[in-house]
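One file, input35.cif, is given below (mmCIF, C-alpha atoms (C1' of nucleotides) and all ligand atoms).
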data_model
#
loop_
_atom_site.label_atom_id
_atom_site.label_comp_id
_atom_site.auth_asym_id
_atom_site.auth_seq_id
_atom_site.Cartn_x
_atom_site.Cartn_y
_atom_site.Cartn_z
CA MET A 843 131.93 83.00 108.95
CA ALA A 844 133.27 79.45 108.80
CA ASP A 845 132.20 77.47 111.82
CA ARG A 846 129.65 79.82 113.31
CA PRO A 847 128.11 81.08 110.11
CA TYR A 848 124.92 82.36 111.67
CA THR A 849 126.21 84.72 114.32
CA ALA A 850 126.51 87.72 112.01
CA VAL A 851 122.97 87.31 110.69
CA ILE A 852 121.61 86.67 114.17
CA ASP A 853 123.10 89.91 115.41
CA ARG A 854 121.77 91.79 112.45
CA LEU A 855 118.26 90.58 113.11
CA ARG A 856 118.50 91.27 116.82
CA GLU A 857 119.64 94.80 116.11
CA VAL A 858 116.42 95.55 114.27
CA GLY A 859 114.31 93.76 116.83
CA LEU A 860 113.42 90.63 114.88
CA ARG A 861 113.69 87.23 116.51
CA PRO A 862 116.21 85.05 114.76
CA THR A 863 113.90 82.22 113.84
CA ARG A 864 114.92 79.31 111.66
CA GLN A 865 113.10 80.63 108.59
CA ARG A 866 114.25 84.24 108.97
CA LEU A 867 117.84 83.08 109.32
CA ALA A 868 117.63 80.84 106.28
CA LEU A 869 116.04 83.57 104.17
CA ALA A 870 118.55 86.14 105.39
CA ARG A 871 121.40 83.92 104.29
CA LEU A 872 119.89 83.41 100.86
CA LEU A 873 119.45 87.14 100.57
CA PHE A 874 122.65 88.50 102.06
CA ASP A 875 125.34 85.84 101.79
CA THR A 876 126.03 86.37 98.13
CA GLY A 877 126.42 89.83 96.61
CA ASP A 878 123.63 92.31 95.97
CA ARG A 879 120.46 90.91 94.50
CA HIS A 880 116.96 91.75 93.35
CA VAL A 881 114.39 89.07 94.07
CA THR A 882 110.66 88.56 94.04
CA ALA A 883 108.87 86.71 96.81
CA GLU A 884 108.17 83.71 94.63
CA GLN A 885 111.75 83.56 93.40
CA LEU A 886 113.07 83.55 96.93
CA HIS A 887 110.54 80.96 97.99
CA GLY A 888 111.58 78.80 95.06
CA GLU A 889 115.23 79.07 96.05
CA ALA A 890 114.46 78.19 99.63
CA VAL A 891 112.52 75.11 98.63
CA THR A 892 115.25 74.07 96.20
CA THR A 893 117.85 74.49 98.92
CA GLY A 894 115.84 72.16 101.13
CA ILE A 895 114.58 74.88 103.44
CA SER A 896 110.99 74.33 104.42
CA VAL A 897 109.28 77.69 104.54
CA SER A 898 105.83 78.79 103.46
CA LEU A 899 105.19 81.45 100.87
CA ALA A 900 103.28 83.49 103.46
CA THR A 901 106.36 83.56 105.64
CA VAL A 902 108.51 84.68 102.73
CA TYR A 903 106.15 87.59 102.19
CA ASN A 904 106.06 88.38 105.90
CA THR A 905 109.82 88.25 106.14
CA LEU A 906 110.45 90.39 103.07
CA HIS A 907 108.14 93.05 104.42
CA GLN A 908 109.63 92.93 107.90
CA PHE A 909 113.13 93.20 106.47
CA THR A 910 112.01 96.13 104.34
CA GLU A 911 110.43 97.95 107.27
CA SER A 912 113.59 97.36 109.27
CA GLY A 913 115.76 98.84 106.55
CA LEU A 914 117.50 95.57 105.68
CA LEU A 915 115.89 95.57 102.24
CA ARG A 916 114.47 98.10 99.85
CA GLU A 917 111.44 97.53 97.66
CA VAL A 918 111.69 98.47 94.00
CA VAL A 919 108.56 98.93 91.94
CA VAL A 920 109.06 98.61 88.22
CA GLU A 921 106.23 96.43 87.02
CA ALA A 922 102.59 96.73 87.85
CA GLY A 923 102.09 93.16 88.95
CA ARG A 924 105.30 92.29 90.74
CA SER A 925 107.40 93.54 93.64
CA TYR A 926 111.16 93.31 93.69
CA PHE A 927 113.19 93.38 96.88
CA ASP A 928 116.69 94.77 96.71
CA THR A 929 119.47 93.77 99.08
CA ASN A 930 121.44 96.83 98.08
CA ILE A 931 120.22 99.48 100.49
CA ALA A 932 122.80 102.05 99.49
CA ASN A 933 121.53 105.02 97.52
CA HIS A 934 121.49 103.87 93.90
CA HIS A 935 119.37 103.61 90.77
CA HIS A 936 118.28 100.99 88.26
CA PHE A 937 118.24 99.88 84.72
CA PHE A 938 115.17 97.78 84.08
CA GLU A 939 115.29 95.36 81.20
CA THR A 940 111.68 95.33 80.11
CA LYS A 941 111.76 92.06 78.23
CA SER A 942 113.57 89.88 80.74
CA GLY A 943 112.46 91.64 83.91
CA HIS A 944 116.05 92.05 85.10
CA LEU A 945 117.15 94.90 87.32
CA ILE A 946 120.70 96.21 87.13
CA ASP A 947 122.15 98.57 89.70
CA ILE A 948 123.44 101.99 88.83
CA PRO A 949 125.70 103.39 91.56
CA ALA A 950 124.47 106.75 92.79
CA ASP A 951 127.66 108.49 91.69
CA GLN A 952 127.09 107.56 88.06
CA VAL A 953 124.02 109.75 87.87
CA THR A 954 123.67 113.43 88.59
CA ILE A 955 120.26 114.58 89.63
CA GLY A 956 120.37 118.30 90.16
CA SER A 957 117.78 120.90 91.14
CA LEU A 958 115.02 118.70 92.46
CA PRO A 959 111.81 120.65 92.90
CA THR A 960 110.62 121.14 96.45
CA ALA A 961 108.08 118.65 97.69
CA PRO A 962 104.48 119.83 97.37
CA ASN A 963 102.67 121.48 100.22
CA GLY A 964 104.94 120.68 103.13
CA ALA A 965 105.43 117.06 102.23
CA GLU A 966 108.64 115.28 102.97
CA ILE A 967 110.77 113.45 100.41
CA GLU A 968 111.16 109.80 101.35
CA GLN A 969 112.95 108.41 98.36
CA VAL A 970 114.06 109.32 94.88
CA ASP A 971 113.74 106.47 92.39
CA LEU A 972 115.32 106.72 88.99
CA ILE A 973 114.48 103.86 86.66
CA ILE A 974 115.92 103.67 83.19
CA ARG A 975 113.89 101.29 81.09
CA VAL A 976 115.95 99.61 78.42
CA ARG A 977 115.17 97.18 75.64
CA ARG A 978 117.77 94.73 74.51
CA ARG A 979 118.20 94.89 70.77
CA ALA A 980 117.50 91.82 68.66
CA MET B 985 84.14 122.56 70.68
CA ALA B 986 80.66 123.81 71.39
CA ASP B 987 78.17 122.25 69.03
CA ARG B 988 80.30 119.50 67.48
CA PRO B 989 82.23 118.51 70.56
CA TYR B 990 83.36 115.15 69.24
CA THR B 991 85.11 116.10 66.04
CA ALA B 992 88.48 116.79 67.66
CA VAL B 993 88.50 113.47 69.50
CA ILE B 994 87.31 111.59 66.42
CA ASP B 995 90.16 112.98 64.39
CA ARG B 996 92.65 112.14 67.09
CA LEU B 997 91.53 108.52 67.16
CA ARG B 998 91.47 108.24 63.38
CA GLU B 999 95.02 109.58 63.26
CA VAL B 1000 96.28 106.67 65.33
CA GLY B 1001 94.14 104.15 63.46
CA LEU B 1002 91.49 103.48 66.10
CA ARG B 1003 87.84 103.41 65.10
CA PRO B 1004 85.90 106.11 66.92
CA THR B 1005 83.44 103.86 68.69
CA ARG B 1006 80.92 105.08 71.21
CA GLN B 1007 82.91 103.79 74.21
CA ARG B 1008 86.30 104.98 72.96
CA LEU B 1009 84.89 108.46 72.36
CA ALA B 1010 83.29 108.62 75.77
CA LEU B 1011 86.46 107.45 77.51
CA ALA B 1012 88.61 109.82 75.47
CA ARG B 1013 86.47 112.74 76.56
CA LEU B 1014 86.70 111.74 80.21
CA LEU B 1015 90.44 111.46 79.81
CA PHE B 1016 91.32 114.44 77.65
CA ASP B 1017 88.60 117.05 78.05
CA THR B 1018 89.79 118.33 81.37
CA GLY B 1019 93.44 119.04 82.09
CA ASP B 1020 96.15 116.45 82.62
CA ARG B 1021 95.23 113.52 84.79
CA HIS B 1022 96.47 110.26 86.25
CA VAL B 1023 93.85 107.53 86.45
CA THR B 1024 93.57 103.85 87.12
CA ALA B 1025 91.34 101.60 85.05
CA GLU B 1026 88.86 101.13 87.84
CA GLN B 1027 88.73 104.86 88.55
CA LEU B 1028 87.96 105.63 84.94
CA HIS B 1029 85.39 102.86 84.80
CA GLY B 1030 83.76 104.28 87.88
CA GLU B 1031 83.63 107.74 86.34
CA ALA B 1032 82.12 106.39 83.16
CA VAL B 1033 79.41 104.53 85.03
CA THR B 1034 78.68 107.58 87.19
CA THR B 1035 78.39 109.75 84.09
CA GLY B 1036 75.82 107.35 82.70
CA ILE B 1037 78.14 105.83 80.10
CA SER B 1038 77.63 102.12 79.76
CA VAL B 1039 81.01 100.51 79.24
CA SER B 1040 82.49 97.31 80.57
CA LEU B 1041 85.64 97.16 82.66
CA ALA B 1042 87.25 94.95 80.02
CA THR B 1043 86.73 97.69 77.44
CA VAL B 1044 88.24 100.27 79.76
CA TYR B 1045 91.35 98.11 80.07
CA ASN B 1046 91.45 97.47 76.33
CA THR B 1047 91.04 101.15 75.56
CA LEU B 1048 93.67 102.30 78.03
CA HIS B 1049 96.17 99.88 76.55
CA GLN B 1050 95.31 100.81 72.98
CA PHE B 1051 95.64 104.50 73.82
CA THR B 1052 98.98 103.80 75.47
CA GLU B 1053 100.30 101.83 72.49
CA SER B 1054 99.16 104.63 70.23
CA GLY B 1055 101.01 107.22 72.26
CA LEU B 1056 97.88 108.99 73.49
CA LEU B 1057 98.62 107.91 77.06
CA ARG B 1058 101.61 106.92 79.09
CA GLU B 1059 101.63 104.26 81.79
CA VAL B 1060 103.21 105.11 85.13
CA VAL B 1061 104.23 102.36 87.54
CA VAL B 1062 104.52 103.46 91.14
CA GLU B 1063 102.72 100.84 93.16
CA ALA B 1064 103.07 97.10 92.95
CA GLY B 1065 99.41 96.28 92.47
CA ARG B 1066 98.08 99.15 90.41
CA SER B 1067 98.67 100.80 87.05
CA TYR B 1068 98.24 104.52 86.47
CA PHE B 1069 97.61 106.02 83.07
CA ASP B 1070 98.83 109.54 82.45
CA THR B 1071 97.23 111.88 79.94
CA ASN B 1072 100.33 114.06 80.00
CA ILE B 1073 102.54 112.53 77.37
CA ALA B 1074 105.13 115.29 77.45
CA ASN B 1075 108.46 114.40 79.00
CA HIS B 1076 108.02 114.92 82.71
CA HIS B 1077 108.45 113.33 86.13
CA HIS B 1078 106.38 112.61 89.22
CA PHE B 1079 105.90 113.12 92.87
CA PHE B 1080 104.10 110.14 94.35
CA GLU B 1081 102.21 110.70 97.56
CA THR B 1082 102.56 107.31 99.20
CA LYS B 1083 99.68 107.62 101.61
CA SER B 1084 97.00 108.92 99.26
CA GLY B 1085 98.23 107.35 96.07
CA HIS B 1086 98.25 110.71 94.28
CA LEU B 1087 100.62 111.50 91.45
CA ILE B 1088 101.75 115.06 90.83
CA ASP B 1089 103.55 116.11 87.67
CA ILE B 1090 107.00 117.62 87.69
CA PRO B 1091 107.75 119.44 84.43
CA ALA B 1092 110.90 118.08 82.80
CA ASP B 1093 112.63 121.45 83.03
CA GLN B 1094 112.41 121.47 86.82
CA VAL B 1095 114.77 118.53 87.06
CA THR B 1096 118.26 118.12 85.73
CA ILE B 1097 119.41 114.61 85.10
CA GLY B 1098 122.97 114.71 83.89
CA SER B 1099 125.51 112.07 82.99
CA LEU B 1100 123.30 109.07 82.57
CA PRO B 1101 125.34 105.87 82.39
CA THR B 1102 125.33 104.06 79.09
CA ALA B 1103 122.80 101.28 78.74
CA PRO B 1104 124.20 97.84 79.48
CA ASN B 1105 125.45 95.56 76.74
CA GLY B 1106 124.11 97.26 73.64
CA ALA B 1107 120.63 97.84 75.07
CA GLU B 1108 118.60 100.84 74.08
CA ILE B 1109 117.09 103.34 76.50
CA GLU B 1110 113.34 103.49 76.14
CA GLN B 1111 112.33 105.73 78.97
CA VAL B 1112 113.73 107.47 82.01
CA ASP B 1113 111.34 107.54 84.95
CA LEU B 1114 112.05 109.68 87.96
CA ILE B 1115 109.68 109.19 90.86
CA ILE B 1116 110.00 111.18 94.03
CA ARG B 1117 108.14 109.47 96.83
CA VAL B 1118 106.83 111.90 99.40
CA ARG B 1119 104.97 111.56 102.65
CA ARG B 1120 102.63 114.25 103.79
CA ARG B 1121 103.41 115.32 107.29
CA ALA B 1122 100.80 114.96 110.02
"C1'" DA C 1203 69.83 96.02 53.70
"C1'" DA C 1204 73.49 92.60 53.77
"C1'" DC C 1205 78.12 91.58 54.81
"C1'" DT C 1206 82.41 91.31 57.33
"C1'" DG C 1207 85.84 92.34 60.31
"C1'" DA C 1208 86.47 95.09 64.46
"C1'" DT C 1209 84.90 95.87 68.90
"C1'" DC C 1210 82.43 95.06 73.09
"C1'" DT C 1211 80.87 92.34 76.83
"C1'" DA C 1212 79.88 89.17 80.95
"C1'" DG C 1213 81.90 86.20 83.29
"C1'" DA C 1214 85.59 82.92 84.00
"C1'" DA C 1215 90.36 82.61 84.76
"C1'" DC C 1216 94.69 84.16 86.48
"C1'" DA C 1217 98.74 85.90 89.14
"C1'" DA C 1218 100.46 88.15 92.95
"C1'" DT C 1219 99.54 89.14 97.35
"C1'" DT C 1220 97.11 89.25 101.83
"C1'" DC C 1221 94.30 87.27 105.35
"C1'" DT C 1222 92.77 83.77 108.79
"C1'" DA C 1223 92.86 81.02 112.54
"C1'" DA C 1224 95.09 77.20 114.33
"C1'" DA C 1225 99.70 74.85 115.25
"C1'" DA C 1226 104.48 75.40 116.33
"C1'" DA C 1227 108.44 77.72 117.99
"C1'" DC C 1228 110.68 80.93 120.90
"C1'" DC C 1229 112.03 82.91 125.12
"C1'" DT C 1230 111.32 84.11 129.83
"C1'" DT C 1231 110.22 82.73 134.30
"C1'" DG C 1232 109.57 79.74 138.32
"C1'" DC D 1397 114.35 72.45 132.65
"C1'" DA D 1398 109.14 72.59 132.53
"C1'" DA D 1399 105.27 75.84 132.17
"C1'" DG D 1400 103.27 79.76 130.20
"C1'" DG D 1401 102.61 83.66 127.44
"C1'" DT D 1402 103.85 85.69 123.23
"C1'" DT D 1403 105.53 85.70 118.66
"C1'" DT D 1404 105.89 83.38 114.50
"C1'" DT D 1405 104.68 80.09 111.05
"C1'" DT D 1406 101.56 77.76 108.19
"C1'" DA D 1407 97.98 75.84 104.82
"C1'" DG D 1408 94.54 77.24 102.62
"C1'" DA D 1409 90.96 80.56 101.66
"C1'" DA D 1410 90.15 85.13 100.18
"C1'" DT D 1411 91.05 89.43 97.78
"C1'" DT D 1412 92.74 92.49 94.21
"C1'" DG D 1413 93.88 94.04 89.90
"C1'" DT D 1414 94.15 92.40 85.46
"C1'" DT D 1415 93.65 89.35 81.37
"C1'" DC D 1416 91.27 85.95 78.69
"C1'" DT D 1417 87.37 83.80 76.16
"C1'" DA D 1418 83.97 83.30 73.02
"C1'" DG D 1419 79.66 84.93 71.73
"C1'" DA D 1420 76.90 89.27 70.74
"C1'" DT D 1421 77.00 93.76 68.80
"C1'" DC D 1422 78.59 97.45 66.05
"C1'" DA D 1423 81.00 100.22 62.24
"C1'" DG D 1424 82.07 100.87 57.86
"C1'" DT D 1425 81.56 99.09 53.17
"C1'" DT D 1426 79.00 97.54 49.15
MN MN A 1501 106.83 87.10 91.63
MN MN A 1502 92.76 100.41 90.38
ZN ZN A 1503 119.34 97.69 93.22
ZN ZN A 1504 102.19 112.78 84.86
#

How does the structure come out when it is put into structure tokens?
Ligand SMILES: [Mn+2]
Ligand SMILES: [Mn+2]
Ligand SMILES: [Zn+2]
Ligand SMILES: [Zn+2]
Amino acid sequence: MADRPYTAVIDRLREVGLRPTRQRLALARLLFDTGDRHVTAEQLHGEAVTTGISVSLATVYNTLHQFTESGLLREVVVEAGRSYFDTNIANHHHFFETKSGHLIDIPADQVTIGSLPTAPNGAEIEQVDLIIRVRRRA
Amino acid sequence: MADRPYTAVIDRLREVGLRPTRQRLALARLLFDTGDRHVTAEQLHGEAVTTGISVSLATVYNTLHQFTESGLLREVVVEAGRSYFDTNIANHHHFFETKSGHLIDIPADQVTIGSLPTAPNGAEIEQVDLIIRVRRRA
DNA sequence: AACTGATCTAGAACAATTCTAAAAACCTTG
DNA sequence: CAAGGTTTTTAGAATTGTTCTAGATCAGTT
């Protein structure tokens, strides 16, 4: 990843059928080049701008949704007015720190969910979200 | 509950320190007189208006939040742009039908969550939300 | 009935997100 | 390597759900 740092990301986008445009590549690097993260659209847009990447907020939204539909990201809903996007697409759960709005991963093997009820009326389970809301003590 | 249908609701509001005003009583009856329900503010406002109850949307929001703070309701977050209020305050979980936006209760005893990880860094667990997202098959 | 704080209200304001339609970029083809 | 068709990006307007504001109304007390 030293002198051709984009090839991996380019391939990844091609695999899911998304053209590797300048803004998708830049956003992908912000998202995937460091470890797992949980970001909102405005956060990511802020980072891009700070990093000197010129990209519109509309494109950030478009890209986050495209990445989510392609399985590169997962959307986590914990607050009514805000969407988080999670670069960790492995099966896992979350602590949500109500006050700060921080999400913390819980590896799937640290939680045992047994005996799930069957989905109602021939519906199909898409995802199981476990969110543990915590409050930091004063 | 036949000829003095409001006394039960009045007492319930008094217990949590909320004055039994005309609009709070009317909304409480819409919420609690039939079985358990999951409603949004605008849904409830619509119902009130349809039933001939004159109440502003701001009051519906105020009331839902006051009821939630008082423990008469519980808020359920499943979609980024919308808040559901749940009249079932017993410990339980939810199916969420993505397409229709319907919530279906899962009694707590139908799910086994074992071995929860300890909350991070001296934080305190406030609530454990399990949401099973389902898609109805065509 | 008068008083006083609580509550209600219309409408403005707000925050996050989505939409629009025109410009720019991308990729294939000639 | 230019032209052409398609996809993508963009600024700004629009939309949605919710919250705020400040004046009017109401509930409970005297
Ligand atoms: Mn945000
Ligand atoms: Mn709604
Ligand atoms: Zn995560
Ligand atoms: Zn419920």

Near-ligand residues for ligand ZN 1504 (chain A), threshold 8 Å, all atoms listed in the file, as a ChimeraX atom specification:
/B:1020-1022,1060,1070-1073,1076-1078,1087-1090

Calculated over only C-alpha atoms (C1' of nucleotides), which of the candidates C:DG1232, C:DA1227, C:DC1205, C:DT1219 has the smallest distance to Arg864 of chain A?
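Of the candidates, the smallest distance to Arg864 of chain A is held by C:DA1227.
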
Could you produce a table of the residues of chain A lying within 10 Å of chain C, with the nearest pair of atoms per residue and their separation in Å rounded to one decimal, using all atoms listed in the file, ordered by chain and increasing residue number, as JSON lines?
{"residue": "A:Arg861", "atom": "CA", "partner": "C:DC1228", "partner_atom": "C1'", "distance": 8.2}
{"residue": "A:Pro862", "atom": "CA", "partner": "C:DC1228", "partner_atom": "C1'", "distance": 9.2}
{"residue": "A:Thr863", "atom": "CA", "partner": "C:DC1228", "partner_atom": "C1'", "distance": 7.9}
{"residue": "A:Arg864", "atom": "CA", "partner": "C:DA1227", "partner_atom": "C1'", "distance": 9.2}
{"residue": "A:Ala883", "atom": "CA", "partner": "C:DA1218", "partner_atom": "C1'", "distance": 9.4}
{"residue": "A:Glu884", "atom": "CA", "partner": "C:DA1218", "partner_atom": "C1'", "distance": 9.1}
{"residue": "A:Ala900", "atom": "CA", "partner": "C:DT1220", "partner_atom": "C1'", "distance": 8.6}
{"residue": "A:Tyr903", "atom": "CA", "partner": "C:DT1219", "partner_atom": "C1'", "distance": 8.3}
{"residue": "A:Asn904", "atom": "CA", "partner": "C:DT1220", "partner_atom": "C1'", "distance": 9.9}
{"residue": "A:Gly923", "atom": "CA", "partner": "C:DA1218", "partner_atom": "C1'", "distance": 6.6}
{"residue": "A:Arg924", "atom": "CA", "partner": "C:DA1218", "partner_atom": "C1'", "distance": 6.7}
{"residue": "A:Ser925", "atom": "CA", "partner": "C:DA1218", "partner_atom": "C1'", "distance": 8.8}

Once you have the residues from the selection above, write them out as a PDB file, keeping the file's coordinate frame, restricted to C-alpha atoms.
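Result went into selection_30.pdb, see below:
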ATOM      1  CA  ARG A 861     113.690  87.230 116.510  1.00  0.00           C
ATOM      2  CA  PRO A 862     116.210  85.050 114.760  1.00  0.00           C
ATOM      3  CA  THR A 863     113.900  82.220 113.840  1.00  0.00           C
ATOM      4  CA  ARG A 864     114.920  79.310 111.660  1.00  0.00           C
ATOM      5  CA  ALA A 883     108.870  86.710  96.810  1.00  0.00           C
ATOM      6  CA  GLU A 884     108.170  83.710  94.630  1.00  0.00           C
ATOM      7  CA  ALA A 900     103.280  83.490 103.460  1.00  0.00           C
ATOM      8  CA  TYR A 903     106.150  87.590 102.190  1.00  0.00           C
ATOM      9  CA  ASN A 904     106.060  88.380 105.900  1.00  0.00           C
ATOM     10  CA  GLY A 923     102.090  93.160  88.950  1.00  0.00           C
ATOM     11  CA  ARG A 924     105.300  92.290  90.740  1.00  0.00           C
ATOM     12  CA  SER A 925     107.400  93.540  93.640  1.00  0.00           C
TER      13      SER A 925
END

Quick one: pull the distance between atom CA of Glu939 of chain A and atom CA of Glu917 of chain A, Å, one decimal.
17.0 Å

Could the residues of chain D that have an atom at most 12 Å from ligand MN 1502 (chain A) be listed as JSON lines, each with its closest atom pair and the distance in Å to one decimal, counting all atoms listed in the file and ordered by chain and ascending residue number?
{"residue": "D:DT1412", "atom": "C1'", "partner": "A:MN1502", "partner_atom": "MN", "distance": 8.8}
{"residue": "D:DG1413", "atom": "C1'", "partner": "A:MN1502", "partner_atom": "MN", "distance": 6.5}
{"residue": "D:DT1414", "atom": "C1'", "partner": "A:MN1502", "partner_atom": "MN", "distance": 9.5}

What gap, in Å, lies between atom C1' of DG1424 of chain D and atom CA of Arg996 of chain B?
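Between these atoms lies a distance of 18.0 Å.
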
Of the listed residues A:Gln969, A:Thr905, A:Thr910, A:Thr876, that which approaches chain B most closely, counting all atoms listed in the file:
A:Gln969

What does the distance from atom CA of Leu1014 of chain B to atom CA of Glu1031 of chain B come to in Å, to one decimal?
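Spanning atom CA of Leu1014 of chain B to atom CA of Glu1031 of chain B is a straight-line distance of 7.9 Å.
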
Residues of chain D no more than 10 Å from chain A, counting only C-alpha atoms (C1' of nucleotides): send them over as a list of chain:residue names.
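On the chain D side, the interface is D:DT1403, D:DT1404, D:DT1405, D:DT1406, D:DA1407, D:DG1413, D:DT1414.
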
Could the residues in this selection be saved with C-alpha atoms (C1' of nucleotides) as a CSV table (one decimal), in the frame of the given file?
chain,number,residue,atom,x,y,z
D,1403,DT,C1',105.5,85.7,118.7
D,1404,DT,C1',105.9,83.4,114.5
D,1405,DT,C1',104.7,80.1,111.0
D,1406,DT,C1',101.6,77.8,108.2
D,1407,DA,C1',98.0,75.8,104.8
D,1413,DG,C1',93.9,94.0,89.9
D,1414,DT,C1',94.2,92.4,85.5

Which residue gives the smallest distance to ligand MN 1501 (chain A) among A:Val858, A:Val851, A:Leu867, A:Leu886, with only C-alpha atoms and all ligand atoms counted?
A:Leu886

Would you kindly report the residues of chain B within 6 Å of chain A, using all atoms listed in the file, as a PyMOL selection string?
chain B and resi 1061+1064-1067+1095-1100+1107-1121
